[in-house]
Amino acid sequence: MSVFNDTAFDDHEQVLHCCDATSGLRAIIAVHNTALGPALGGIRMWPYGSEAEALRDVLRLSRGMTYKSAMARLPFGGGKCVLIGNPRTDKSIPLLRSLGRFVNALGGRYIGAEDSGISVADMKTIAAETRHVAGIQNKPTRNGSSRSGDPSPATAYGVFLGIQSALEYRFGTGDLAGVQVALQGVGNVGFRLAELLVGAGARLRITDIDEEVAVRTAQTLGIEAVAPDDIFDVEADVFAPCALGAIINDNTVPRLRVAIVAGSANNQLAEQRHGGELMKRKILYAPDYVINAGGVIDVSFERTGRNPKHLMRHVEGIRKTLNEIFERASLARRSTAEIADRIARERLNSGCAARHRGIRNRLGRALLPDRLPA
């Protein structure tokens with residue numbers, strides 16, 4: 001199996017396969033781009049059917065993190081780690097600590113954080129072996145208390161704002177009262193998003209691969225649960241994918257009966273062309289790495305020590321970014337996915353140029369003599 005020939009490779013800087021027979025660790029760390037800073041991205045644990053499947057996922061996810069940080073104007077590049085295994089049965093302290101040693105060996109080129117199948121407690125176990133982690137510190141809330149480093153509340157809030165932005169662009173108002181939402185996946189982010197939407201008056205139908213979880217969530221929030229495959233046929237204003245990626249594909253696009261696709265899942269489009277397929281059907285797509293950037297913004301504020309009071313203001317900038325994408329896509333008659341990639345590359349190239357100028361200036365000052373000759 002060739003990494004270089006994989007269609008998702010996209011000029012990754014480094015791909016590390018990690019194996020430890022003692023703990024049973026099998027993982028892949030992908031560093032896509034560090035032009036703007038160290039590669040920041042979550043650690044995901046999932047029972048992939050094959051190594052090739054895991055490789056494809058980590059390559060797509062790490063590229064998405066590069067674009068996500070660029071679009072959110074953060075001083076980080078993109079990376080990701082996938083652990084091959086069932087998080088309910090295969091996870092152990094020795095396995096997590098072994099992964100921490102591999103992360104540490106990269107010397108800070110990659111910074112890991114919480115993702116699907118990995119909790120804040122797991123991250124603290126990994127942190128016993130490396131300081132190159134994020135999302136584990138307690139942070140103050142608006143009422144002065146503190147909470148775990150879990151970034152999912154910020155992610156959910158950003159998606160909530162993004163849905164409002166898409167509604168306003170499509171229908172002229174961001175008011176959620178009475179808006180019909182089909183929400184797929186009620187994990188950490190999906191559940192919090194469902195709470196926000198219900199609180200704003202939206203009417204939800206939800207699903208989850210674990211149907212018992214979906215039923216319990218529906219009972220808790222007073223909403224309706226449907227079978228996992230039925231969610232694509234629900235007639236609604238918004239489809240909010242909040243589970244795994246590649247959910248917008250040749251099989252699901254023709255079934256969608258919505259005006260907007262806006263959710264927290266990464267890599268929602270199975271292929272880039274599916275953004276164009278949504279456009280043809282007059283479905284407004286909120287690019288995933290833009291709308292779900294709240295979590296990486298949260299983690300970035302922790303990592304850089306920036307004032308947490310400004311965190312929500314930065315997350316709220318997601319609405320402005322989405323508005324720019326929607327407007328430019330309409331003017332160019334291109335899909336929002338294509339335009340988001342274009343803007344991300346513009347910001348990435350601009351940031352690279354600025355960083356290189358800064359390095360040259362610092363080197364120039366260092367090389368100057370303390371005193372010029374008289």
# chains A, B, ... in the order shown; residues from 1 in each chain; ligands from 1
>>> residues_around(residues="A:Gly78", least_positions_apart="6", cutoff="8 Å", atoms="only C-alpha atoms", output="ChimeraX atom specification")
/A:31-34,38-41,62-69
>>> residues_around(residues="stretch 313-326 of chain A", least_positions_apart="2", cutoff="8 Å", atoms="only C-alpha atoms", output="short mmCIF file (atom, residue, chain, number, x, y, z; two decimals) with N, CA and C atoms, in the first residue's frame")
data_model
loop_
_atom_site.label_atom_id
_atom_site.label_comp_id
_atom_site.auth_asym_id
_atom_site.auth_seq_id
_atom_site.Cartn_x
_atom_site.Cartn_y
_atom_site.Cartn_z
N MET A 71 -8.87 28.95 8.08
CA MET A 71 -10.13 29.69 7.99
C MET A 71 -10.47 30.37 9.30
N ALA A 72 -10.05 29.76 10.42
CA ALA A 72 -10.33 30.35 11.74
C ALA A 72 -9.24 31.33 12.16
N ALA A 154 -17.89 24.33 22.63
CA ALA A 154 -17.55 25.40 21.69
C ALA A 154 -17.86 24.96 20.26
N TYR A 157 -21.63 25.20 19.80
CA TYR A 157 -22.06 26.60 19.72
C TYR A 157 -21.75 27.19 18.34
N GLY A 158 -20.56 26.88 17.81
CA GLY A 158 -20.21 27.36 16.49
C GLY A 158 -21.12 26.82 15.41
N LEU A 161 -24.47 28.61 15.58
CA LEU A 161 -24.38 29.92 14.92
C LEU A 161 -24.34 29.77 13.40
N GLY A 162 -23.62 28.72 12.93
CA GLY A 162 -23.53 28.49 11.50
C GLY A 162 -24.87 28.14 10.89
N SER A 165 -26.70 31.29 10.48
CA SER A 165 -26.17 32.03 9.34
C SER A 165 -26.73 31.47 8.03
N ALA A 166 -26.76 30.15 7.89
CA ALA A 166 -27.28 29.53 6.67
C ALA A 166 -28.76 29.80 6.50
N TYR A 169 -29.19 33.39 5.33
CA TYR A 169 -28.82 33.58 3.93
C TYR A 169 -29.89 32.98 3.01
N ALA A 286 -22.96 24.32 4.27
CA ALA A 286 -22.02 25.05 5.14
C ALA A 286 -20.77 24.18 5.28
N VAL A 290 -15.35 24.81 8.31
CA VAL A 290 -15.62 26.19 8.71
C VAL A 290 -16.62 26.21 9.87
N ILE A 291 -17.74 25.52 9.69
CA ILE A 291 -18.80 25.59 10.69
C ILE A 291 -18.43 24.87 11.99
N ALA A 293 -15.45 24.72 13.47
CA ALA A 293 -14.14 25.18 13.96
C ALA A 293 -14.14 25.62 15.42
N GLY A 294 -15.30 25.66 16.07
CA GLY A 294 -15.34 26.12 17.45
C GLY A 294 -14.43 25.33 18.38
N ILE A 297 -10.77 26.26 17.86
CA ILE A 297 -10.57 27.61 18.41
C ILE A 297 -10.43 27.54 19.93
N HIS A 310 -12.17 36.20 25.28
CA HIS A 310 -12.34 36.49 23.85
C HIS A 310 -12.69 35.24 23.04
N LEU A 311 -12.76 34.09 23.71
CA LEU A 311 -12.99 32.83 23.01
C LEU A 311 -14.32 32.85 22.24
N ARG A 328 -19.57 34.74 -1.97
CA ARG A 328 -18.61 34.51 -3.05
C ARG A 328 -19.01 33.33 -3.93
N ALA A 329 -19.59 32.32 -3.32
CA ALA A 329 -20.04 31.17 -4.11
C ALA A 329 -21.17 31.57 -5.05
N SER A 330 -22.07 32.41 -4.56
CA SER A 330 -23.18 32.86 -5.40
C SER A 330 -22.69 33.70 -6.56
N THR A 336 -20.15 26.02 -2.56
CA THR A 336 -19.56 26.60 -1.35
C THR A 336 -18.33 25.80 -0.92
N ILE A 339 -15.42 27.15 -3.01
CA ILE A 339 -15.05 28.51 -2.58
C ILE A 339 -14.37 28.49 -1.22
N ALA A 340 -14.83 27.63 -0.31
CA ALA A 340 -14.19 27.54 1.00
C ALA A 340 -12.74 27.11 0.86
#
>>> residues_around(residues="A:Arg203", least_positions_apart="3", cutoff="8 Å", atoms="only C-alpha atoms", output="PyMOL selection string")
chain A and resi 177-181+197-198+223
>>> select_by_dssp(residues="stretch 2-237 of chain A", states="strand (DSSP E)", output="NGL selection string")
:A and (14-20 or 25-33 or 39-46 or 77-84 or 110-114 or 139-140 or 146-147 or 180-184 or 203-207 or 224-225)
>>> atom_distance(atom1="atom CA of A:Gly117", atom2="atom CA of A:Arg88")
8.1 Å
>>> atom_distance(atom1="atom CA of A:Ala270", atom2="atom CA of A:Cys81")
19.7 Å
>>> select_by_dssp(residues="stretch 148-289 of chain A", states="helix (DSSP H, G or I)", output="NGL selection string")
:A and (152-171 or 188-199 or 211-221 or 228-233 or 253-255 or 273-280 or 288-289)
>>> atom_distance(atom1="atom CA of A:Asn292", atom2="atom CA of A:Val159")
5.7 Å
>>> residues_around(residues="stretch 298-304 of chain A", least_positions_apart="4", cutoff="9 Å", atoms="only C-alpha atoms", output="VMD selection string")
chain A and resid 40 74 to 76 113 133 to 137 139 149 to 152 154 to 155 293 to 294 308 310 to 312 315
>>> closest_residue(among="A:His12, A:Arg44, A:Ala262, A:Thr22", to="A:Leu167", atoms="only C-alpha atoms")
A:Ala262
>>> residues_around(residues="A:Leu269", least_positions_apart="5", cutoff="12 Å", atoms="only C-alpha atoms", output="PyMOL selection string")
chain A and resi 60-61+64+241+244-253+261-263+274-278+285-289+336-338
>>> closest_residue(among="A:Arg306, A:Arg257, A:Ile43, A:Asn5", to="A:Val120", atoms="only C-alpha atoms")
A:Ile43
>>> closest_residue(among="A:Lys80, A:Arg334, A:Arg342, A:Arg97", to="A:Val15", atoms="only C-alpha atoms")
A:Lys80
>>> residues_around(residues="A:Val226", least_positions_apart="2", cutoff="10 Å", atoms="only C-alpha atoms", output="PyMOL selection string")
chain A and resi 182-184+205-208+211+214-215+218+224+228-231+234
